[in-house]
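J.: What follows is target13.pdb, made up of PDB, C-alpha atoms:
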ATOM      1  CA  MET A  12      21.319   1.116  -2.704  1.00  0.00           C
ATOM      2  CA  ALA A  13      24.987   1.360  -3.660  1.00  0.00           C
ATOM      3  CA  LYS A  14      23.846   2.076  -7.212  1.00  0.00           C
ATOM      4  CA  TYR A  15      21.899   5.175  -6.202  1.00  0.00           C
ATOM      5  CA  GLU A  16      24.826   7.466  -5.387  1.00  0.00           C
ATOM      6  CA  PRO A  17      26.633   7.394  -8.762  1.00  0.00           C
ATOM      7  CA  VAL A  18      23.288   7.852 -10.532  1.00  0.00           C
ATOM      8  CA  ILE A  19      22.178  10.876  -8.493  1.00  0.00           C
ATOM      9  CA  LYS A  20      25.672  12.401  -8.774  1.00  0.00           C
ATOM     10  CA  ARG A  21      25.590  12.027 -12.553  1.00  0.00           C
ATOM     11  CA  VAL A  22      22.135  13.630 -12.727  1.00  0.00           C
ATOM     12  CA  PHE A  23      23.420  16.540 -10.646  1.00  0.00           C
ATOM     13  CA  GLU A  24      26.547  16.991 -12.773  1.00  0.00           C
ATOM     14  CA  LYS A  25      24.564  17.236 -16.015  1.00  0.00           C
ATOM     15  CA  LYS A  26      21.793  19.447 -14.645  1.00  0.00           C
ATOM     16  CA  ALA A  27      24.296  21.753 -12.891  1.00  0.00           C
ATOM     17  CA  GLU A  28      25.952  22.319 -16.255  1.00  0.00           C
ATOM     18  CA  GLU A  29      22.542  23.432 -17.561  1.00  0.00           C
ATOM     19  CA  PHE A  30      21.269  25.481 -14.591  1.00  0.00           C
ATOM     20  CA  GLY A  31      24.343  26.368 -12.545  1.00  0.00           C
ATOM     21  CA  THR A  32      24.574  25.841  -8.786  1.00  0.00           C
ATOM     22  CA  GLU A  33      23.244  29.116  -7.409  1.00  0.00           C
ATOM     23  CA  GLU A  34      19.580  28.119  -7.387  1.00  0.00           C
ATOM     24  CA  GLU A  35      17.496  24.985  -6.970  1.00  0.00           C
ATOM     25  CA  ILE A  36      17.907  22.508  -9.836  1.00  0.00           C
ATOM     26  CA  PRO A  37      14.953  20.629 -11.411  1.00  0.00           C
ATOM     27  CA  PHE A  38      15.206  17.184 -12.960  1.00  0.00           C
ATOM     28  CA  ARG A  39      12.851  14.459 -14.122  1.00  0.00           C
ATOM     29  CA  ARG A  40      12.689  10.702 -14.331  1.00  0.00           C
ATOM     30  CA  SER A  41      14.093  10.821 -17.865  1.00  0.00           C
ATOM     31  CA  ASP A  42      17.257  12.475 -16.490  1.00  0.00           C
ATOM     32  CA  ILE A  43      17.662   9.610 -14.019  1.00  0.00           C
ATOM     33  CA  GLU A  44      17.166   7.044 -16.772  1.00  0.00           C
ATOM     34  CA  ASP A  45      19.719   8.828 -18.995  1.00  0.00           C
ATOM     35  CA  ALA A  46      22.263   8.752 -16.154  1.00  0.00           C
ATOM     36  CA  MET A  47      21.629   5.041 -15.576  1.00  0.00           C
ATOM     37  CA  GLU A  48      22.164   4.345 -19.262  1.00  0.00           C
ATOM     38  CA  GLU A  49      25.411   6.358 -19.371  1.00  0.00           C
ATOM     39  CA  LEU A  50      26.745   4.559 -16.283  1.00  0.00           C
ATOM     40  CA  ASP A  51      25.415   1.140 -17.377  1.00  0.00           C
ATOM     41  CA  ILE A  52      23.543   0.821 -14.065  1.00  0.00           C
ATOM     42  CA  SER A  53      20.210  -0.946 -13.796  1.00  0.00           C
ATOM     43  CA  VAL A  54      17.725  -0.112 -11.036  1.00  0.00           C
ATOM     44  CA  GLY A  55      14.342  -1.839 -10.940  1.00  0.00           C
ATOM     45  CA  ASN A  56      12.437   0.903  -9.099  1.00  0.00           C
ATOM     46  CA  VAL A  57      13.634   4.172 -10.611  1.00  0.00           C
ATOM     47  CA  PRO A  58      11.466   6.508  -8.449  1.00  0.00           C
ATOM     48  CA  ASP A  59      13.058   5.014  -5.348  1.00  0.00           C
ATOM     49  CA  ILE A  60      16.291   6.864  -6.195  1.00  0.00           C
ATOM     50  CA  PRO A  61      14.864  10.382  -5.622  1.00  0.00           C
ATOM     51  CA  TYR A  62      12.732   9.037  -2.761  1.00  0.00           C
ATOM     52  CA  ALA A  63      15.874   7.817  -0.992  1.00  0.00           C
ATOM     53  CA  TYR A  64      17.290  11.349  -1.027  1.00  0.00           C
ATOM     54  CA  ARG A  65      13.951  12.771   0.120  1.00  0.00           C
ATOM     55  CA  SER A  66      13.590  10.626   3.226  1.00  0.00           C
ATOM     56  CA  ARG A  67      16.252   8.018   3.849  1.00  0.00           C
ATOM     57  CA  ARG A  68      19.705   9.464   3.307  1.00  0.00           C
ATOM     58  CA  PRO A  69      21.594  12.730   2.866  1.00  0.00           C
ATOM     59  CA  LEU A  70      22.812  13.828  -0.530  1.00  0.00           C
ATOM     60  CA  PRO A  71      26.384  12.814  -1.471  1.00  0.00           C
ATOM     61  CA  LYS A  72      29.092  15.229  -0.333  1.00  0.00           C
ATOM     62  CA  ASP A  73      29.847  16.146  -3.943  1.00  0.00           C
ATOM     63  CA  ILE A  74      26.334  17.635  -4.142  1.00  0.00           C
ATOM     64  CA  ALA A  75      25.975  18.887  -0.544  1.00  0.00           C
ATOM     65  CA  GLU A  76      29.128  21.017  -0.864  1.00  0.00           C
ATOM     66  CA  TYR A  77      27.147  23.359  -3.131  1.00  0.00           C
ATOM     67  CA  GLY A  78      24.561  23.906  -0.381  1.00  0.00           C
ATOM     68  CA  TYR A  79      21.956  21.407  -1.538  1.00  0.00           C
ATOM     69  CA  THR A  80      20.210  19.577   1.308  1.00  0.00           C
ATOM     70  CA  ALA A  81      17.747  17.111  -0.225  1.00  0.00           C
ATOM     71  CA  VAL A  82      15.574  16.156  -3.178  1.00  0.00           C
ATOM     72  CA  ILE A  83      11.937  17.289  -3.208  1.00  0.00           C
ATOM     73  CA  ILE A  84       8.997  17.108  -5.599  1.00  0.00           C
ATOM     74  CA  ASP A  85       8.352  20.488  -7.212  1.00  0.00           C
ATOM     75  CA  ASP A  86       4.596  20.957  -7.587  1.00  0.00           C
ATOM     76  CA  THR A  87       4.979  24.382  -9.202  1.00  0.00           C
ATOM     77  CA  ARG A  88       6.018  22.857 -12.515  1.00  0.00           C
ATOM     78  CA  GLU A  89       3.525  21.502 -15.036  1.00  0.00           C
ATOM     79  CA  GLY A  90       3.299  17.927 -16.261  1.00  0.00           C
ATOM     80  CA  SER A  91       1.799  14.684 -14.991  1.00  0.00           C
ATOM     81  CA  ASP A  92       5.199  13.146 -14.232  1.00  0.00           C
ATOM     82  CA  PRO A  93       6.926  14.404 -11.076  1.00  0.00           C
ATOM     83  CA  THR A  94       9.500  17.148 -11.424  1.00  0.00           C
ATOM     84  CA  TYR A  95      12.119  16.542  -8.755  1.00  0.00           C
ATOM     85  CA  MET A  96      14.413  19.257  -7.508  1.00  0.00           C
ATOM     86  CA  PHE A  97      17.728  19.548  -5.711  1.00  0.00           C
ATOM     87  CA  THR A  98      16.839  22.073  -3.020  1.00  0.00           C
ATOM     88  CA  LYS A  99      18.889  24.273  -0.710  1.00  0.00           C
ATOM     89  CA  GLN A 100      16.031  24.589   1.778  1.00  0.00           C
ATOM     90  CA  GLU A 101      16.343  22.383   4.866  1.00  0.00           C
ATOM     91  CA  GLN A 102      13.942  19.470   4.418  1.00  0.00           C
ATOM     92  CA  LEU A 103      14.722  16.707   6.896  1.00  0.00           C
ATOM     93  CA  ILE A 104      13.107  16.912  10.341  1.00  0.00           C
ATOM     94  CA  PRO A 105      15.118  15.098  13.021  1.00  0.00           C
ATOM     95  CA  VAL A 106      13.756  13.559  16.208  1.00  0.00           C
ATOM     96  CA  PRO A 107      14.364  16.067  19.050  1.00  0.00           C
ATOM     97  CA  ASP A 108      16.692  15.286  21.925  1.00  0.00           C
ATOM     98  CA  ASP A 109      15.010  13.894  25.040  1.00  0.00           C
ATOM     99  CA  ASP A 110      15.188  17.254  26.834  1.00  0.00           C
ATOM    100  CA  GLU A 111      13.189  18.806  23.979  1.00  0.00           C
ATOM    101  CA  ILE A 112      10.411  16.175  24.040  1.00  0.00           C
ATOM    102  CA  ASP A 113       7.113  17.548  25.373  1.00  0.00           C
ATOM    103  CA  ALA A 114       6.066  14.313  27.121  1.00  0.00           C
ATOM    104  CA  THR A 115       7.230  10.694  27.453  1.00  0.00           C
ATOM    105  CA  PHE A 116       4.984   7.664  28.015  1.00  0.00           C
ATOM    106  CA  THR A 117       5.325   3.900  28.239  1.00  0.00           C
ATOM    107  CA  THR A 118       3.100   1.673  26.128  1.00  0.00           C
ATOM    108  CA  SER A 119       3.144  -2.113  26.264  1.00  0.00           C
ATOM    109  CA  ALA A 120       1.951  -5.176  24.401  1.00  0.00           C
ATOM    110  CA  GLY A 121      -0.736  -5.450  27.046  1.00  0.00           C
ATOM    111  CA  ASP A 122      -2.434  -2.411  25.540  1.00  0.00           C
ATOM    112  CA  LEU A 123      -3.117  -4.395  22.366  1.00  0.00           C
ATOM    113  CA  PRO A 124      -5.525  -7.243  21.520  1.00  0.00           C
ATOM    114  CA  ALA A 125      -3.931 -10.671  22.125  1.00  0.00           C
ATOM    115  CA  PRO A 126      -3.685 -11.699  18.425  1.00  0.00           C
ATOM    116  CA  VAL A 127      -2.045  -8.371  17.609  1.00  0.00           C
ATOM    117  CA  GLN A 128       0.419  -8.738  20.508  1.00  0.00           C
ATOM    118  CA  LYS A 129       1.651 -12.015  19.017  1.00  0.00           C
ATOM    119  CA  TYR A 130       2.310 -10.809  15.492  1.00  0.00           C
ATOM    120  CA  ILE A 131       2.921  -7.062  15.590  1.00  0.00           C
ATOM    121  CA  GLY A 132       6.067  -5.933  13.799  1.00  0.00           C
ATOM    122  CA  LYS A 133       8.743  -3.620  15.140  1.00  0.00           C
ATOM    123  CA  ASP A 134       8.582  -1.236  12.198  1.00  0.00           C
ATOM    124  CA  GLU A 135       6.610   1.852  11.272  1.00  0.00           C
ATOM    125  CA  GLN A 136       3.548  -0.249  10.454  1.00  0.00           C
ATOM    126  CA  GLY A 137       3.771  -1.800  13.911  1.00  0.00           C
ATOM    127  CA  ALA A 138       3.951   1.684  15.418  1.00  0.00           C
ATOM    128  CA  LEU A 139       0.871   2.733  13.435  1.00  0.00           C
ATOM    129  CA  THR A 140      -0.917  -0.383  14.720  1.00  0.00           C
ATOM    130  CA  GLN A 141      -0.065   0.557  18.308  1.00  0.00           C
ATOM    131  CA  VAL A 142      -1.314   4.084  17.719  1.00  0.00           C
ATOM    132  CA  ARG A 143      -4.602   2.757  16.360  1.00  0.00           C
ATOM    133  CA  TYR A 144      -5.403   0.011  18.878  1.00  0.00           C
ATOM    134  CA  ALA A 145      -4.174   1.886  21.956  1.00  0.00           C
ATOM    135  CA  GLY A 146      -6.119   5.024  20.998  1.00  0.00           C
ATOM    136  CA  LEU A 147      -3.033   7.202  21.279  1.00  0.00           C
ATOM    137  CA  LEU A 148      -4.273   9.869  18.885  1.00  0.00           C
ATOM    138  CA  ASP A 149      -7.233  10.566  21.187  1.00  0.00           C
ATOM    139  CA  ASP A 150      -4.812  11.577  23.948  1.00  0.00           C
ATOM    140  CA  PHE A 151      -2.422  13.380  21.630  1.00  0.00           C
ATOM    141  CA  THR A 152      -5.006  15.483  19.778  1.00  0.00           C
ATOM    142  CA  GLY A 153      -7.703  15.807  22.445  1.00  0.00           C
ATOM    143  CA  LEU A 154     -10.239  14.576  19.874  1.00  0.00           C
ATOM    144  CA  GLU A 155     -12.276  11.413  19.475  1.00  0.00           C
ATOM    145  CA  THR A 156     -10.423   9.839  16.566  1.00  0.00           C
ATOM    146  CA  TYR A 157     -11.587   7.259  14.046  1.00  0.00           C
ATOM    147  CA  HIS A 158      -9.322   5.485  11.562  1.00  0.00           C
ATOM    148  CA  LEU A 159     -10.621   6.028   8.037  1.00  0.00           C
ATOM    149  CA  GLN A 160      -8.076   4.709   5.534  1.00  0.00           C
ATOM    150  CA  SER A 161      -4.487   3.523   5.134  1.00  0.00           C
ATOM    151  CA  HIS A 162      -2.271   4.185   2.098  1.00  0.00           C
ATOM    152  CA  LEU A 163      -4.579   6.822   0.667  1.00  0.00           C
ATOM    153  CA  ARG A 164      -3.587   7.688  -2.883  1.00  0.00           C
ATOM    154  CA  MET A 165      -4.425  11.180  -4.057  1.00  0.00           C
ATOM    155  CA  ARG A 166      -3.431  13.811  -6.585  1.00  0.00           C
ATOM    156  CA  VAL A 167      -1.544  16.940  -5.581  1.00  0.00           C
ATOM    157  CA  LYS A 168      -1.534  19.463  -8.434  1.00  0.00           C
ATOM    158  CA  GLY A 169      -1.975  16.600 -10.892  1.00  0.00           C
ATOM    159  CA  ARG A 170       0.742  14.383  -9.404  1.00  0.00           C
ATOM    160  CA  GLU A 171       0.316  11.275  -7.302  1.00  0.00           C
ATOM    161  CA  ALA A 172       0.942  11.296  -3.556  1.00  0.00           C
ATOM    162  CA  GLU A 173       0.275   8.695  -0.884  1.00  0.00           C
ATOM    163  CA  LEU A 174      -0.704   9.270   2.743  1.00  0.00           C
ATOM    164  CA  ASP A 175       0.105   6.525   5.237  1.00  0.00           C
ATOM    165  CA  ASP A 176      -2.981   6.927   7.437  1.00  0.00           C
ATOM    166  CA  LEU A 177      -6.050   9.154   7.486  1.00  0.00           C
ATOM    167  CA  TYR A 178      -8.194   9.616  10.602  1.00  0.00           C
ATOM    168  CA  VAL A 179     -11.242  11.734  11.325  1.00  0.00           C
ATOM    169  CA  GLY A 180     -11.226  13.560  14.661  1.00  0.00           C
ATOM    170  CA  VAL A 181     -14.349  14.904  16.355  1.00  0.00           C
ATOM    171  CA  ASP A 182     -14.108  17.753  18.869  1.00  0.00           C
ATOM    172  CA  GLU A 183     -16.459  18.682  21.726  1.00  0.00           C
ATOM    173  CA  GLU A 184     -18.618  20.790  19.381  1.00  0.00           C
ATOM    174  CA  GLU A 185     -18.976  17.806  17.000  1.00  0.00           C
ATOM    175  CA  ASN A 186     -16.779  19.503  14.397  1.00  0.00           C
ATOM    176  CA  HIS A 187     -14.835  17.135  12.162  1.00  0.00           C
ATOM    177  CA  HIS A 188     -11.093  17.346  11.486  1.00  0.00           C
ATOM    178  CA  ALA A 189      -9.021  15.344   9.002  1.00  0.00           C
ATOM    179  CA  LEU A 190      -5.889  13.918  10.638  1.00  0.00           C
ATOM    180  CA  ALA A 191      -3.193  13.296   8.026  1.00  0.00           C
ATOM    181  CA  VAL A 192      -0.625  10.866   9.458  1.00  0.00           C
ATOM    182  CA  GLU A 193       2.785  10.209   7.877  1.00  0.00           C
ATOM    183  CA  ALA A 194       4.901   7.311   9.196  1.00  0.00           C
ATOM    184  CA  LYS A 195       8.666   6.809   9.011  1.00  0.00           C
ATOM    185  CA  GLY A 196      10.768   3.848  10.104  1.00  0.00           C
ATOM    186  CA  ALA A 197      14.086   3.815  11.926  1.00  0.00           C
ATOM    187  CA  GLY A 198      16.072   4.306   8.721  1.00  0.00           C
ATOM    188  CA  GLU A 199      13.947   7.163   7.380  1.00  0.00           C
ATOM    189  CA  THR A 200      13.540  10.850   8.145  1.00  0.00           C
ATOM    190  CA  LEU A 201      10.477  13.062   8.104  1.00  0.00           C
ATOM    191  CA  ASN A 202      10.473  15.395   5.111  1.00  0.00           C
ATOM    192  CA  ARG A 203       8.935  18.884   5.010  1.00  0.00           C
ATOM    193  CA  ASN A 204       8.017  18.674   1.331  1.00  0.00           C
ATOM    194  CA  GLN A 205       6.161  15.398   1.850  1.00  0.00           C
ATOM    195  CA  LEU A 206       4.238  16.740   4.860  1.00  0.00           C
ATOM    196  CA  ILE A 207       3.202  19.809   2.863  1.00  0.00           C
ATOM    197  CA  ARG A 208       2.062  17.704  -0.105  1.00  0.00           C
ATOM    198  CA  ASN A 209       0.043  15.376   2.156  1.00  0.00           C
ATOM    199  CA  THR A 210      -1.654  18.308   3.874  1.00  0.00           C
ATOM    200  CA  ARG A 211      -2.465  20.196   0.698  1.00  0.00           C
ATOM    201  CA  GLY A 212      -3.730  17.001  -0.927  1.00  0.00           C
ATOM    202  CA  ILE A 213      -6.303  16.431   1.826  1.00  0.00           C
ATOM    203  CA  GLU A 214      -7.241  20.125   1.997  1.00  0.00           C
ATOM    204  CA  HIS A 215      -8.162  20.152  -1.676  1.00  0.00           C
ATOM    205  CA  LYS A 216     -10.353  17.028  -1.563  1.00  0.00           C
ATOM    206  CA  SER A 217     -14.026  17.802  -1.040  1.00  0.00           C
ATOM    207  CA  ASP A 218     -14.542  14.279   0.377  1.00  0.00           C
ATOM    208  CA  TYR A 219     -12.900  15.214   3.686  1.00  0.00           C
ATOM    209  CA  PRO A 220     -13.239  17.905   6.382  1.00  0.00           C
ATOM    210  CA  ASN A 221     -11.854  21.367   5.608  1.00  0.00           C
ATOM    211  CA  SER A 222      -9.864  21.360   8.860  1.00  0.00           C
ATOM    212  CA  VAL A 223      -6.661  19.328   8.438  1.00  0.00           C
ATOM    213  CA  GLU A 224      -4.166  18.503  11.176  1.00  0.00           C
ATOM    214  CA  THR A 225      -0.735  17.273  10.111  1.00  0.00           C
ATOM    215  CA  LEU A 226       0.698  14.471  12.254  1.00  0.00           C
ATOM    216  CA  ALA A 227       3.504  11.939  12.031  1.00  0.00           C
ATOM    217  CA  VAL A 228       4.690   8.730  13.650  1.00  0.00           C
ATOM    218  CA  LYS A 229       8.462   8.188  13.702  1.00  0.00           C
ATOM    219  CA  LEU A 230      10.131   4.984  14.885  1.00  0.00           C
ATOM    220  CA  ASP A 231      13.705   4.908  16.236  1.00  0.00           C
ATOM    221  CA  GLU A 232      16.316   2.141  16.345  1.00  0.00           C
ATOM    222  CA  ASN A 233      15.175   1.095  19.855  1.00  0.00           C
ATOM    223  CA  SER A 234      11.599   0.454  18.672  1.00  0.00           C
ATOM    224  CA  HIS A 235      10.440   3.561  20.540  1.00  0.00           C
ATOM    225  CA  PHE A 236       8.241   5.870  18.537  1.00  0.00           C
ATOM    226  CA  TYR A 237       7.311   9.542  18.490  1.00  0.00           C
ATOM    227  CA  LEU A 238       4.106  11.390  17.694  1.00  0.00           C
ATOM    228  CA  PHE A 239       4.637  14.744  15.965  1.00  0.00           C
ATOM    229  CA  GLU A 240       2.174  17.576  15.478  1.00  0.00           C
ATOM    230  CA  PHE A 241       3.039  20.082  12.748  1.00  0.00           C
ATOM    231  CA  GLU A 242       1.660  23.368  11.520  1.00  0.00           C
ATOM    232  CA  VAL A 243       1.657  23.773   7.749  1.00  0.00           C
ATOM    233  CA  TYR A 244       1.270  27.424   6.789  1.00  0.00           C
ATOM    234  CA  GLN A 245       2.161  29.997   4.146  1.00  0.00           C
ATOM    235  CA  GLU A 246       4.738  32.732   4.557  1.00  0.00           C
ATOM    236  CA  ASP A 247       5.606  35.154   1.760  1.00  0.00           C
ATOM    237  CA  GLY A 248       3.788  32.857  -0.666  1.00  0.00           C
ATOM    238  CA  ASP A 249       5.776  29.757   0.290  1.00  0.00           C
ATOM    239  CA  ASP A 250       4.558  26.712   2.213  1.00  0.00           C
ATOM    240  CA  LYS A 251       6.310  26.243   5.553  1.00  0.00           C
ATOM    241  CA  VAL A 252       6.285  23.590   8.284  1.00  0.00           C
ATOM    242  CA  SER A 253       6.876  24.078  11.997  1.00  0.00           C
ATOM    243  CA  THR A 254       6.992  21.386  14.679  1.00  0.00           C
ATOM    244  CA  GLU A 255       4.413  22.123  17.372  1.00  0.00           C
ATOM    245  CA  ARG A 256       4.665  19.132  19.749  1.00  0.00           C
ATOM    246  CA  VAL A 257       6.474  15.801  20.073  1.00  0.00           C
ATOM    247  CA  TRP A 258       5.496  12.965  22.422  1.00  0.00           C
ATOM    248  CA  LYS A 259       7.716   9.920  22.926  1.00  0.00           C
ATOM    249  CA  TYR A 260       6.425   6.401  23.557  1.00  0.00           C
ATOM    250  CA  GLU A 261       8.786   3.818  25.006  1.00  0.00           C
ATOM    251  CA  PHE A 262       7.522   0.352  24.179  1.00  0.00           C
ATOM    252  CA  ASP A 263       7.639  -2.207  26.996  1.00  0.00           C
ATOM    253  CA  ALA A 264       7.227  -5.740  25.610  1.00  0.00           C
ATOM    254  CA  LYS A 265       6.477  -7.251  29.068  1.00  0.00           C
TER     255      LYS A 265
END
Could you spell out this file's structure in structure tokens?
T.:
Amino acid sequence: MAKYEPVIKRVFEKKAEEFGTEEEIPFRRSDIEDAMEELDISVGNVPDIPYAYRSRRPLPKDIAEYGYTAVIIDDTREGSDPTYMFTKQEQLIPVPDDDEIDATFTTSAGDLPAPVQKYIGKDEQGALTQVRYAGLLDDFTGLETYHLQSHLRMRVKGREAELDDLYVGVDEEENHHALAVEAKGAGETLNRNQLIRNTRGIEHKSDYPNSVETLAVKLDENSHFYLFEFEVYQEDGDDKVSTERVWKYEFDAK
């Protein structure tokens, strides 16, 4: 991880010389690889560098001082390889303070099957497991929910995206709704660009219901987790995200 900062700073320096610092700045994997070569830094998983500044950490101060807030994937640009972008639009969605939470509940190991109780992890996958076995999405959405697939790979405007969990929800009129669920661990942050890409990816697949609800599970450092409901909408031609509801679940291991 210590290698990421000098690499992303070098990418920014070179691209800022080309584009200036008044607008958002695009870059590609080849720019990252060029910076690594110049700095004599080797990183095994190159795409993890932009991903880190999408979801796990803020941009270095040397970049943030120009007003840039995060790295996103820019789906407006052509090409099969991702075009990343230093953006000035706020991207990271924090967990609200307790007084802003809509409801708080306690869930325990007793809500889970005995074999799961013994082995469940205290990470985002463990939180997703609790959500599934305890039927928490039924309460949260008011629908009868059915888990369909984990780690769903899809194409968004020709570029790969991955959704953590996909459910189908059925309402009282027997209408079907696709529930797109993103999950983030204690060291990660929900990202507007990723939520938009997940939602649009499901919306444009004929295999799934036309109605898509955007949800997220976020774990904190105390192994509590939060269910988010978002609205993804368009305003002045741009995709936007607003947080509609947040429920907190405090896990009791007893």
J.: List the spatial neighbours of Ile104 in chain A as a CSV table (one decimal) with C-alpha atoms, in the frame of the given file - criterion: any atom at most 9 Å away, all atoms listed in the file, same-chain residues fewer than 5 positions off excluded.
T.:
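The resulting part_33.csv:
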chain,number,residue,atom,x,y,z
A,200,THR,CA,13.5,10.8,8.1
A,201,LEU,CA,10.5,13.1,8.1
A,202,ASN,CA,10.5,15.4,5.1
A,203,ARG,CA,8.9,18.9,5.0
A,254,THR,CA,7.0,21.4,14.7
J.: Using the chain letters and numbering of this document, enumerate as an MDAnalysis selection string the residues selected by the PyMOL selection byres ((chain A and resi 73) around 12).
T.: chainID A and resid 16:17 19:24 27 69:72 74:80
J.: Mind telling me what the PyMOL selection byres ((chain A and resi 196) around 8) catches here, as a compact mmCIF listing (two decimals) with C-alpha atoms, in the coordinates of the input?
T.:
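File written: out.txt
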# COMPACT_ATOMS: atom_id res chain seq x y z
CA ASP A 134 8.58 -1.24 12.20
CA GLU A 135 6.61 1.85 11.27
CA ALA A 194 4.90 7.31 9.20
CA LYS A 195 8.67 6.81 9.01
CA ALA A 197 14.09 3.82 11.93
CA GLY A 198 16.07 4.31 8.72
CA GLU A 199 13.95 7.16 7.38
CA THR A 200 13.54 10.85 8.14
CA LYS A 229 8.46 8.19 13.70
CA LEU A 230 10.13 4.98 14.88
CA ASP A 231 13.70 4.91 16.24
J.: Restricting the calculation to only C-alpha atoms, which member of A:Ala172, A:Ala114, A:Ala63, A:Leu148 is positioned closest to Pro93 in chain A?
T.: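 With only C-alpha atoms as the atom set, the closest residue is A:Ala172.
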J.: Box time for range 225-239 of chain A: axis-aligned, enclosing all its listed atoms, 6 Å extra on each side; report centre and edge lengths in Å to one decimal, as AutoDock Vina command-line options.
T.:
--center_x 7.8 --center_y 8.9 --center_z 15.3 --size_x 29.1 --size_y 28.8 --size_z 22.4
J.: Can you tell me which residues surround Lys251 in chain A at a distance of at most 10 Å, considering all atoms listed in the file, apart from same-chain residues fewer than 2 positions away, and format the answer as a ChimeraX atom specification?
T.: /A:203-204,206-207,242-249,253
J.: Which of these, A:Ala46, A:Val127, A:Lys216, A:Thr117, has the shortest distance to Phe236 in chain A once you count only C-alpha atoms?
T.: A:Thr117
J.: Find the residues near Lys26 in chain A: any atom within 10 Å, counting only C-alpha atoms, skip ones fewer than 4 places away on the same chain, and give them as a list in words.
T.: Lys20, Arg21, Val22, Phe30, Gly31, Thr32, Ile36, Pro37, Phe38, Asp42 and Phe97 of chain A
J.: Could the residues in this selection be saved with C-alpha atoms as a PDB file, in the coordinates of the input?
T.:
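This is the output file again06.pdb:
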ATOM      1  CA  LYS A  20      25.672  12.401  -8.774  1.00  0.00           C
ATOM      2  CA  ARG A  21      25.590  12.027 -12.553  1.00  0.00           C
ATOM      3  CA  VAL A  22      22.135  13.630 -12.727  1.00  0.00           C
ATOM      4  CA  PHE A  30      21.269  25.481 -14.591  1.00  0.00           C
ATOM      5  CA  GLY A  31      24.343  26.368 -12.545  1.00  0.00           C
ATOM      6  CA  THR A  32      24.574  25.841  -8.786  1.00  0.00           C
ATOM      7  CA  ILE A  36      17.907  22.508  -9.836  1.00  0.00           C
ATOM      8  CA  PRO A  37      14.953  20.629 -11.411  1.00  0.00           C
ATOM      9  CA  PHE A  38      15.206  17.184 -12.960  1.00  0.00           C
ATOM     10  CA  ASP A  42      17.257  12.475 -16.490  1.00  0.00           C
ATOM     11  CA  PHE A  97      17.728  19.548  -5.711  1.00  0.00           C
TER      12      PHE A  97
END
J.: Quick one: residues within 10 Å of (-3.5, -1.3, 12.6) (file frame), counting only C-alpha atoms, please, as an MDAnalysis selection string.
T.: chainID A and resid 127 131 136:145 158 161 176
J.: N, CA and C atoms are needed for range 233-244 of chain A; please write them out as a PDB file, in the frame of the given file.
T.:
ATOM      1  N   ASN A 233      15.490   1.848  18.631  1.00  0.00           N
ATOM      2  CA  ASN A 233      15.175   1.095  19.855  1.00  0.00           C
ATOM      3  C   ASN A 233      13.723   0.653  19.900  1.00  0.00           C
ATOM      4  N   SER A 234      13.024   0.785  18.784  1.00  0.00           N
ATOM      5  CA  SER A 234      11.599   0.454  18.672  1.00  0.00           C
ATOM      6  C   SER A 234      10.721   1.382  19.506  1.00  0.00           C
ATOM      7  N   HIS A 235      11.268   2.509  19.981  1.00  0.00           N
ATOM      8  CA  HIS A 235      10.440   3.561  20.540  1.00  0.00           C
ATOM      9  C   HIS A 235       9.873   4.362  19.367  1.00  0.00           C
ATOM     10  N   PHE A 236       8.760   5.040  19.618  1.00  0.00           N
ATOM     11  CA  PHE A 236       8.241   5.870  18.537  1.00  0.00           C
ATOM     12  C   PHE A 236       7.768   7.202  19.076  1.00  0.00           C
ATOM     13  N   TYR A 237       7.599   8.147  18.160  1.00  0.00           N
ATOM     14  CA  TYR A 237       7.311   9.542  18.490  1.00  0.00           C
ATOM     15  C   TYR A 237       6.092   9.995  17.709  1.00  0.00           C
ATOM     16  N   LEU A 238       5.219  10.730  18.368  1.00  0.00           N
ATOM     17  CA  LEU A 238       4.106  11.390  17.694  1.00  0.00           C
ATOM     18  C   LEU A 238       4.450  12.868  17.525  1.00  0.00           C
ATOM     19  N   PHE A 239       4.360  13.348  16.295  1.00  0.00           N
ATOM     20  CA  PHE A 239       4.637  14.744  15.965  1.00  0.00           C
ATOM     21  C   PHE A 239       3.335  15.439  15.579  1.00  0.00           C
ATOM     22  N   GLU A 240       3.211  16.685  16.000  1.00  0.00           N
ATOM     23  CA  GLU A 240       2.174  17.576  15.478  1.00  0.00           C
ATOM     24  C   GLU A 240       2.859  18.741  14.780  1.00  0.00           C
ATOM     25  N   PHE A 241       2.445  19.020  13.543  1.00  0.00           N
ATOM     26  CA  PHE A 241       3.039  20.082  12.748  1.00  0.00           C
ATOM     27  C   PHE A 241       1.998  21.150  12.407  1.00  0.00           C
ATOM     28  N   GLU A 242       2.478  22.335  12.147  1.00  0.00           N
ATOM     29  CA  GLU A 242       1.660  23.368  11.520  1.00  0.00           C
ATOM     30  C   GLU A 242       2.184  23.591  10.116  1.00  0.00           C
ATOM     31  N   VAL A 243       1.311  23.475   9.138  1.00  0.00           N
ATOM     32  CA  VAL A 243       1.657  23.773   7.749  1.00  0.00           C
ATOM     33  C   VAL A 243       0.995  25.109   7.405  1.00  0.00           C
ATOM     34  N   TYR A 244       1.787  26.076   6.998  1.00  0.00           N
ATOM     35  CA  TYR A 244       1.270  27.424   6.789  1.00  0.00           C
ATOM     36  C   TYR A 244       2.014  28.089   5.631  1.00  0.00           C
TER      37      TYR A 244
END
